[in-house]
$ cat run-v4.csv   # CSV, C-alpha atoms
chain,number,residue,atom,x,y,z
C,1,MET,CA,-90.9,-111.1,71.1
C,2,VAL,CA,-90.2,-114.6,72.4
C,3,VAL,CA,-87.5,-115.1,75.0
C,4,LEU,CA,-86.4,-118.6,76.0
C,5,ASN,CA,-83.8,-118.6,78.7
C,6,ARG,CA,-84.7,-122.0,80.1
C,7,ILE,CA,-85.4,-124.9,77.8
C,8,TYR,CA,-86.9,-127.3,80.4
C,9,THR,CA,-89.6,-126.2,82.8
C,10,LYS,CA,-90.7,-129.6,84.2
C,11,THR,CA,-94.3,-128.4,83.8
C,12,GLY,CA,-94.9,-131.0,81.1
C,13,ASP,CA,-93.7,-133.9,83.2
C,14,ASP,CA,-97.4,-134.8,84.0
C,15,GLY,CA,-98.1,-135.3,80.3
C,16,THR,CA,-99.7,-131.8,79.8
C,17,THR,CA,-98.6,-128.7,77.9
C,18,ALA,CA,-99.8,-125.1,77.9
C,19,LEU,CA,-101.6,-123.7,74.9
C,20,GLY,CA,-100.9,-120.1,74.0
C,21,SER,CA,-103.9,-119.1,76.0
C,22,GLY,CA,-102.4,-120.6,79.2
C,23,GLU,CA,-104.9,-123.5,79.2
C,24,ARG,CA,-103.3,-126.8,79.9
C,25,ARG,CA,-104.0,-129.8,77.7
C,26,LEU,CA,-102.8,-133.4,77.5
C,27,LYS,CA,-99.9,-133.7,75.1
C,28,SER,CA,-102.1,-136.3,73.2
C,29,ASP,CA,-104.9,-133.7,72.7
C,30,LEU,CA,-106.0,-133.4,69.1
C,31,ARG,CA,-105.1,-129.6,69.1
C,32,VAL,CA,-101.6,-130.4,70.3
C,33,GLU,CA,-101.3,-133.2,67.7
C,34,ALA,CA,-102.3,-130.7,65.0
C,35,TYR,CA,-99.8,-128.1,65.8
C,36,GLY,CA,-97.1,-130.7,66.5
C,37,THR,CA,-97.6,-132.1,63.1
C,38,VAL,CA,-97.3,-128.6,61.6
C,39,ASP,CA,-94.0,-128.4,63.4
C,40,GLU,CA,-93.0,-131.8,61.9
C,41,THR,CA,-93.9,-130.5,58.4
C,42,ASN,CA,-91.6,-127.5,59.1
C,43,ALA,CA,-88.8,-129.8,60.1
C,44,ALA,CA,-89.2,-131.9,56.9
C,45,ILE,CA,-89.1,-128.7,54.8
C,46,GLY,CA,-85.9,-127.8,56.6
C,47,ILE,CA,-84.4,-131.1,55.5
C,48,ALA,CA,-85.5,-130.5,51.9
C,49,ARG,CA,-84.0,-127.0,52.0
C,50,LEU,CA,-80.6,-128.6,52.6
C,51,HIS,CA,-80.8,-130.0,49.1
C,52,LEU,CA,-82.1,-126.8,47.3
C,53,LYS,CA,-78.8,-125.0,46.8
C,54,ASN,CA,-79.3,-125.3,43.0
C,55,GLU,CA,-82.9,-124.1,43.2
C,56,PRO,CA,-82.7,-120.7,44.9
C,57,ASP,CA,-86.3,-119.7,43.9
C,58,VAL,CA,-87.8,-122.8,45.5
C,59,ASP,CA,-85.6,-122.3,48.5
C,60,THR,CA,-86.9,-118.8,48.9
C,61,ILE,CA,-90.4,-120.0,48.7
C,62,MET,CA,-89.7,-122.7,51.3
C,63,SER,CA,-88.1,-120.2,53.6
C,64,ARG,CA,-91.3,-118.1,53.6
C,65,VAL,CA,-93.4,-121.3,54.2
C,66,GLN,CA,-91.3,-122.2,57.2
C,67,ASN,CA,-92.0,-118.8,58.7
C,68,ASP,CA,-95.7,-119.2,57.9
C,69,LEU,CA,-95.8,-122.6,59.6
C,70,PHE,CA,-94.7,-120.9,62.9
C,71,ASP,CA,-97.7,-118.5,62.3
C,72,LEU,CA,-99.9,-121.6,61.8
C,73,GLY,CA,-98.6,-123.3,64.9
C,74,ALA,CA,-99.4,-120.1,66.9
C,75,ASP,CA,-102.9,-120.0,65.3
C,76,PHE,CA,-103.6,-123.6,66.4
C,77,ALA,CA,-102.0,-123.1,69.8
C,78,VAL,CA,-104.6,-120.5,70.8
C,79,PRO,CA,-108.2,-121.7,70.2
C,80,GLU,CA,-110.6,-119.0,68.8
C,81,GLY,CA,-113.2,-118.0,71.3
C,82,GLU,CA,-114.0,-115.9,74.3
C,83,SER,CA,-110.9,-116.8,76.3
C,84,ALA,CA,-108.5,-116.1,73.4
C,85,PRO,CA,-106.8,-112.7,73.5
C,86,LYS,CA,-108.3,-110.4,70.9
C,87,GLU,CA,-105.2,-109.9,68.8
C,88,ARG,CA,-103.8,-113.3,68.2
C,89,LEU,CA,-101.7,-114.4,65.2
C,90,ARG,CA,-103.9,-116.1,62.7
C,91,ILE,CA,-103.3,-117.4,59.2
C,92,VAL,CA,-104.9,-114.9,56.8
C,93,GLU,CA,-106.3,-115.4,53.3
C,94,ALA,CA,-103.4,-113.4,51.7
C,95,GLN,CA,-101.1,-116.2,52.8
C,96,VAL,CA,-103.3,-118.8,51.1
C,97,THR,CA,-103.4,-116.6,47.9
C,98,ARG,CA,-99.6,-116.3,47.9
C,99,LEU,CA,-99.3,-120.1,47.9
C,100,GLU,CA,-101.7,-120.3,45.0
C,101,ASN,CA,-99.6,-117.8,43.1
C,102,GLU,CA,-96.4,-119.7,43.8
C,103,ILE,CA,-98.0,-123.0,42.7
C,104,ASP,CA,-99.1,-121.4,39.5
C,105,GLY,CA,-95.6,-119.9,38.9
C,106,LEU,CA,-93.8,-123.2,39.4
C,107,ASN,CA,-96.5,-125.3,37.6
C,108,ALA,CA,-96.2,-123.1,34.5
C,109,ALA,CA,-92.7,-124.7,33.8
C,110,LEU,CA,-94.1,-128.3,34.0
C,111,LYS,CA,-95.7,-130.5,31.4
C,112,PRO,CA,-99.1,-131.9,32.4
C,113,LEU,CA,-99.0,-135.2,34.2
C,114,ARG,CA,-100.0,-138.4,32.5
C,115,SER,CA,-99.5,-140.7,35.5
C,116,PHE,CA,-99.2,-140.4,39.3
C,117,VAL,CA,-95.8,-139.5,40.6
C,118,LEU,CA,-93.9,-141.7,43.1
C,119,PRO,CA,-91.8,-139.9,45.7
C,120,GLY,CA,-88.2,-139.9,44.4
C,121,GLY,CA,-85.9,-138.5,41.9
C,122,GLU,CA,-83.6,-135.8,43.2
C,123,PRO,CA,-83.0,-135.9,47.0
C,124,SER,CA,-84.7,-132.4,47.3
C,125,ALA,CA,-87.8,-133.8,45.5
C,126,ALA,CA,-88.0,-136.9,47.7
C,127,TYR,CA,-87.8,-134.7,50.8
C,128,LEU,CA,-90.4,-132.3,49.5
C,129,HIS,CA,-92.7,-135.3,48.9
C,130,LEU,CA,-92.0,-136.4,52.5
C,131,ALA,CA,-93.0,-132.9,53.7
C,132,ARG,CA,-96.1,-133.1,51.5
C,133,THR,CA,-97.3,-136.3,53.2
C,134,VAL,CA,-96.6,-134.9,56.7
C,135,CYS,CA,-98.5,-131.7,55.7
C,136,ARG,CA,-101.5,-133.9,54.6
C,137,ARG,CA,-101.5,-135.5,58.0
C,138,ALA,CA,-101.5,-132.1,59.6
C,139,GLU,CA,-104.4,-131.1,57.4
C,140,ARG,CA,-106.4,-134.3,58.4
C,141,LEU,CA,-105.8,-133.6,62.1
C,142,ALA,CA,-106.8,-129.9,61.7
C,143,VAL,CA,-110.0,-131.0,59.9
C,144,HIS,CA,-110.7,-133.6,62.6
C,145,LEU,CA,-110.1,-130.9,65.3
C,146,SER,CA,-112.5,-128.6,63.5
C,147,GLN,CA,-115.3,-131.2,63.8
C,148,GLN,CA,-115.0,-131.5,67.5
C,149,LYS,CA,-117.6,-130.0,69.8
C,150,ASN,CA,-116.2,-126.9,71.6
C,151,GLU,CA,-113.2,-126.6,69.2
C,152,LYS,CA,-112.9,-123.8,66.7
C,153,VAL,CA,-110.3,-123.8,63.9
C,154,ASN,CA,-109.5,-120.9,61.6
C,155,PRO,CA,-110.8,-122.0,58.2
C,156,ALA,CA,-107.9,-120.1,56.5
C,157,ALA,CA,-105.5,-122.4,58.4
C,158,ILE,CA,-107.1,-125.5,56.9
C,159,ARG,CA,-107.0,-123.9,53.4
C,160,TYR,CA,-103.4,-123.0,54.0
C,161,LEU,CA,-102.5,-126.6,54.7
C,162,ASN,CA,-104.4,-127.8,51.7
C,163,ARG,CA,-102.6,-125.4,49.4
C,164,LEU,CA,-99.2,-126.1,51.0
C,165,SER,CA,-99.4,-129.8,50.2
C,166,ASP,CA,-100.2,-128.8,46.6
C,167,LEU,CA,-97.2,-126.4,46.6
C,168,LEU,CA,-94.9,-129.1,48.0
C,169,PHE,CA,-96.1,-131.5,45.2
C,170,VAL,CA,-95.5,-129.0,42.5
C,171,ALA,CA,-92.1,-127.9,44.0
C,172,ALA,CA,-91.0,-131.6,44.1
C,173,ARG,CA,-91.8,-131.9,40.4
C,174,TYR,CA,-90.1,-128.6,39.6
C,175,VAL,CA,-86.8,-129.6,41.3
C,176,ASN,CA,-87.0,-133.0,39.5
C,177,GLY,CA,-85.7,-131.4,36.3
C,178,ARG,CA,-88.9,-129.5,35.8
C,179,GLY,CA,-90.7,-132.9,35.9
C,180,GLU,CA,-88.4,-134.6,33.5
C,181,ARG,CA,-86.9,-136.8,36.3
C,182,ASP,CA,-90.2,-137.6,38.0
C,183,VAL,CA,-90.6,-141.2,39.0
C,184,LEU,CA,-93.9,-142.2,37.5
C,185,TRP,CA,-96.2,-144.9,38.8
C,186,VAL,CA,-96.7,-147.8,36.4
C,187,PRO,CA,-100.0,-149.5,37.4
C,188,GLY,CA,-99.6,-153.3,37.8
C,189,ALA,CA,-95.9,-153.2,36.8
C,190,ASN,CA,-95.0,-156.0,39.2
C,191,ARG,CA,-97.8,-158.5,38.8
$ encode --input "run-v4.csv" --output "structure tokens"
Amino acid sequence: MVVLNRIYTKTGDDGTTALGSGERRLKSDLRVEAYGTVDETNAAIGIARLHLKNEPDVDTIMSRVQNDLFDLGADFAVPEGESAPKERLRIVEAQVTRLENEIDGLNAALKPLRSFVLPGGEPSAAYLHLARTVCRRAERLAVHLSQQKNEKVNPAAIRYLNRLSDLLFVAARYVNGRGERDVLWVPGANR
């Protein structure tokens, strides 16, 4: 259980932060950037949820995703390896599979795309697209982190981010009148 009785500790005043393992890293460290961007994704989903009152099924999915994103942040905050405690919270393949099932469920109600979709339409869709783009950035950072010497990243965590961005895309289309109110790209329209 997490207990926060003091919000400021002053330990980060030197530009460092503690990972879940206790190791201190610069706040600009790639690992910190990755889990910070996961947190940013979570915040963007929170804003989208403010507009999902008429879409309770999607809101329920996004509620589960927000909880998963805290799991993902915890996963990134404790690097895998010898110094990591044995029983750490990690994203597992079942969470990735659940996203795939949710994508398939929402996508079944949508007509196939014939063009790229521009972020827009309903406010909820626009915010889900924003969350999608932040999620893609988190994924890029996680992949970059995984390629660094002496850094290990849970492969299921990267898969989770990849599927989540797909889910956010499909959910945005779904709340846009099941795709009927999607804003479609018209190539060269303004030449």
$ closest_atom_pairs --input "run-v4.csv" --of "region 16-82 of chain C" --to "region 94-109 of chain C" --cutoff "12 Å" --atoms "only C-alpha atoms" --output "JSON lines"
{"residue": "C:Glu55", "atom": "CA", "partner": "C:Leu106", "partner_atom": "CA", "distance": 11.6}
{"residue": "C:Asp57", "atom": "CA", "partner": "C:Leu106", "partner_atom": "CA", "distance": 9.4}
{"residue": "C:Val58", "atom": "CA", "partner": "C:Leu106", "partner_atom": "CA", "distance": 8.6}
{"residue": "C:Thr60", "atom": "CA", "partner": "C:Glu102", "partner_atom": "CA", "distance": 10.8}
{"residue": "C:Ile61", "atom": "CA", "partner": "C:Glu102", "partner_atom": "CA", "distance": 7.8}
{"residue": "C:Met62", "atom": "CA", "partner": "C:Glu102", "partner_atom": "CA", "distance": 10.5}
{"residue": "C:Arg64", "atom": "CA", "partner": "C:Gln95", "partner_atom": "CA", "distance": 10.0}
{"residue": "C:Val65", "atom": "CA", "partner": "C:Leu99", "partner_atom": "CA", "distance": 8.7}
{"residue": "C:Asn67", "atom": "CA", "partner": "C:Gln95", "partner_atom": "CA", "distance": 11.2}
{"residue": "C:Asp68", "atom": "CA", "partner": "C:Gln95", "partner_atom": "CA", "distance": 8.0}
{"residue": "C:Leu69", "atom": "CA", "partner": "C:Gln95", "partner_atom": "CA", "distance": 10.7}
{"residue": "C:Asp71", "atom": "CA", "partner": "C:Gln95", "partner_atom": "CA", "distance": 10.3}
{"residue": "C:Leu72", "atom": "CA", "partner": "C:Gln95", "partner_atom": "CA", "distance": 10.6}
$ closest_residue --input "run-v4.csv" --among "C:Arg163, C:Arg181, C:Arg140, C:Arg132" --to "Ile45 (chain C)" --atoms "all atoms listed in the file"
C:Arg132
$ closest_residue --input "run-v4.csv" --among "C:Gly15, C:Gly36, C:Pro187, C:Gly20" --to "Leu141 (chain C)" --atoms "all atoms listed in the file"
C:Gly36
$ closest_residue --input "run-v4.csv" --among "C:Glu139, C:Asp75, C:Glu93, C:Glu122" --to "Ser165 (chain C)" --atoms "all atoms listed in the file"
C:Glu139
$ residues_around --input "run-v4.csv" --residues "Trp185 (chain C)" --least-positions-apart "5" --cutoff "7 Å" --atoms "only C-alpha atoms" --output "PyMOL selection string"
chain C and resi 115-118
$ atom_distance --input "run-v4.csv" --atom1 "CA of Phe169 (chain C)" --atom2 "CA of Leu50 (chain C)"
17.4 Å
$ atom_distance --input "run-v4.csv" --atom1 "CA of Thr133 (chain C)" --atom2 "CA of Pro119 (chain C)"
10.0 Å
$ residues_around --input "run-v4.csv" --residues "region 124-128 of chain C" --least-positions-apart "2" --cutoff "8 Å" --atoms "only C-alpha atoms" --output "list in words"
Ala44, Ile45, Ile47, Ala48, Arg49, Leu50, His51, Leu52, Pro119, Gly120, Gly121, Glu122, Leu130, Ala131, Arg132, Leu168, Phe169, Ala171, Ala172, Arg173, Val175 and Asn176 of chain C
$ write_last_selection --input "run-v4.csv" --atoms "C-alpha atoms" --output "PDB file, keeping the file's coordinate frame"
ATOM      1  CA  ALA C  44     -89.200-131.900  56.900  1.00  0.00           C
ATOM      2  CA  ILE C  45     -89.100-128.700  54.800  1.00  0.00           C
ATOM      3  CA  ILE C  47     -84.400-131.100  55.500  1.00  0.00           C
ATOM      4  CA  ALA C  48     -85.500-130.500  51.900  1.00  0.00           C
ATOM      5  CA  ARG C  49     -84.000-127.000  52.000  1.00  0.00           C
ATOM      6  CA  LEU C  50     -80.600-128.600  52.600  1.00  0.00           C
ATOM      7  CA  HIS C  51     -80.800-130.000  49.100  1.00  0.00           C
ATOM      8  CA  LEU C  52     -82.100-126.800  47.300  1.00  0.00           C
ATOM      9  CA  PRO C 119     -91.800-139.900  45.700  1.00  0.00           C
ATOM     10  CA  GLY C 120     -88.200-139.900  44.400  1.00  0.00           C
ATOM     11  CA  GLY C 121     -85.900-138.500  41.900  1.00  0.00           C
ATOM     12  CA  GLU C 122     -83.600-135.800  43.200  1.00  0.00           C
ATOM     13  CA  LEU C 130     -92.000-136.400  52.500  1.00  0.00           C
ATOM     14  CA  ALA C 131     -93.000-132.900  53.700  1.00  0.00           C
ATOM     15  CA  ARG C 132     -96.100-133.100  51.500  1.00  0.00           C
ATOM     16  CA  LEU C 168     -94.900-129.100  48.000  1.00  0.00           C
ATOM     17  CA  PHE C 169     -96.100-131.500  45.200  1.00  0.00           C
ATOM     18  CA  ALA C 171     -92.100-127.900  44.000  1.00  0.00           C
ATOM     19  CA  ALA C 172     -91.000-131.600  44.100  1.00  0.00           C
ATOM     20  CA  ARG C 173     -91.800-131.900  40.400  1.00  0.00           C
ATOM     21  CA  VAL C 175     -86.800-129.600  41.300  1.00  0.00           C
ATOM     22  CA  ASN C 176     -87.000-133.000  39.500  1.00  0.00           C
TER      23      ASN C 176
END
$ closest_residue --input "run-v4.csv" --among "C:Asn154, C:Gln66, C:Ser146, C:Thr9" --to "Val38 (chain C)" --atoms "all atoms listed in the file"
C:Gln66
$ residues_around --input "run-v4.csv" --residues "Ile158 (chain C)" --least-positions-apart "5" --cutoff "8 Å" --atoms "all atoms listed in the file" --output "JSON, numbers by chain"
{"C": [139, 142, 143, 153]}
$ write_last_selection --input "run-v4.csv" --atoms "C-alpha atoms" --output "mmCIF file, in the coordinates of the input"
data_model
loop_
_atom_site.group_PDB
_atom_site.id
_atom_site.type_symbol
_atom_site.label_atom_id
_atom_site.label_comp_id
_atom_site.auth_asym_id
_atom_site.auth_seq_id
_atom_site.Cartn_x
_atom_site.Cartn_y
_atom_site.Cartn_z
ATOM 1 C CA GLU C 139 -104.400 -131.100 57.400
ATOM 2 C CA ALA C 142 -106.800 -129.900 61.700
ATOM 3 C CA VAL C 143 -110.000 -131.000 59.900
ATOM 4 C CA VAL C 153 -110.300 -123.800 63.900
#
$ closest_residue --input "run-v4.csv" --among "C:Arg114, C:Arg137, C:Ala157, C:Pro123" --to "Gly177 (chain C)" --atoms "only C-alpha atoms"
C:Pro123
$ atom_distance --input "run-v4.csv" --atom1 "CA of Arg88 (chain C)" --atom2 "CA of Tyr35 (chain C)"
15.5 Å
$ closest_residue --input "run-v4.csv" --among "C:Thr16, C:Gly46, C:Arg25, C:Val170" --to "Pro112 (chain C)" --atoms "only C-alpha atoms"
C:Val170
$ build_atoms --input "run-v4.csv" --residues "region 141-160 of chain C" --atoms "N, CA and C atoms" --output "short mmCIF file (atom, residue, chain, number, x, y, z; two decimals), in the coordinates of the input"
data_model
loop_
_atom_site.label_atom_id
_atom_site.label_comp_id
_atom_site.auth_asym_id
_atom_site.auth_seq_id
_atom_site.Cartn_x
_atom_site.Cartn_y
_atom_site.Cartn_z
N LEU C 141 -105.58 -133.82 60.63
CA LEU C 141 -105.80 -133.60 62.10
C LEU C 141 -106.50 -132.25 62.30
N ALA C 142 -106.17 -131.23 61.51
CA ALA C 142 -106.80 -129.90 61.70
C ALA C 142 -108.33 -130.05 61.32
N VAL C 143 -108.64 -130.80 60.27
CA VAL C 143 -110.00 -131.00 59.90
C VAL C 143 -110.76 -131.78 61.01
N HIS C 144 -110.12 -132.81 61.52
CA HIS C 144 -110.70 -133.60 62.60
C HIS C 144 -110.95 -132.69 63.83
N LEU C 145 -109.96 -131.86 64.16
CA LEU C 145 -110.10 -130.90 65.30
C LEU C 145 -111.29 -129.99 65.04
N SER C 146 -111.44 -129.51 63.82
CA SER C 146 -112.50 -128.60 63.50
C SER C 146 -113.90 -129.17 63.68
N GLN C 147 -113.97 -130.48 63.64
CA GLN C 147 -115.30 -131.20 63.80
C GLN C 147 -115.61 -131.52 65.20
N GLN C 148 -114.72 -131.20 66.13
CA GLN C 148 -115.00 -131.50 67.50
C GLN C 148 -115.84 -130.46 68.18
N LYS C 149 -116.71 -130.94 69.06
CA LYS C 149 -117.60 -130.00 69.80
C LYS C 149 -116.66 -129.14 70.68
N ASN C 150 -116.97 -127.88 70.76
CA ASN C 150 -116.20 -126.90 71.60
C ASN C 150 -114.84 -126.59 71.05
N GLU C 151 -114.54 -126.93 69.82
CA GLU C 151 -113.20 -126.60 69.20
C GLU C 151 -113.48 -125.76 67.97
N LYS C 152 -112.78 -124.67 67.87
CA LYS C 152 -112.90 -123.80 66.70
C LYS C 152 -111.50 -123.79 66.01
N VAL C 153 -111.52 -123.86 64.69
CA VAL C 153 -110.30 -123.80 63.90
C VAL C 153 -110.50 -122.76 62.82
N ASN C 154 -109.51 -121.93 62.65
CA ASN C 154 -109.50 -120.90 61.60
C ASN C 154 -109.63 -121.59 60.24
N PRO C 155 -110.70 -121.33 59.48
CA PRO C 155 -110.80 -122.00 58.20
C PRO C 155 -109.67 -121.65 57.22
N ALA C 156 -109.09 -120.47 57.33
CA ALA C 156 -107.90 -120.10 56.50
C ALA C 156 -106.76 -121.01 56.79
N ALA C 157 -106.63 -121.49 58.03
CA ALA C 157 -105.50 -122.40 58.40
C ALA C 157 -105.66 -123.71 57.68
N ILE C 158 -106.87 -124.22 57.59
CA ILE C 158 -107.10 -125.50 56.90
C ILE C 158 -106.83 -125.29 55.39
N ARG C 159 -107.30 -124.19 54.83
CA ARG C 159 -107.00 -123.90 53.40
C ARG C 159 -105.53 -123.78 53.17
N TYR C 160 -104.81 -123.15 54.11
CA TYR C 160 -103.40 -123.00 54.00
C TYR C 160 -102.69 -124.36 53.86
#
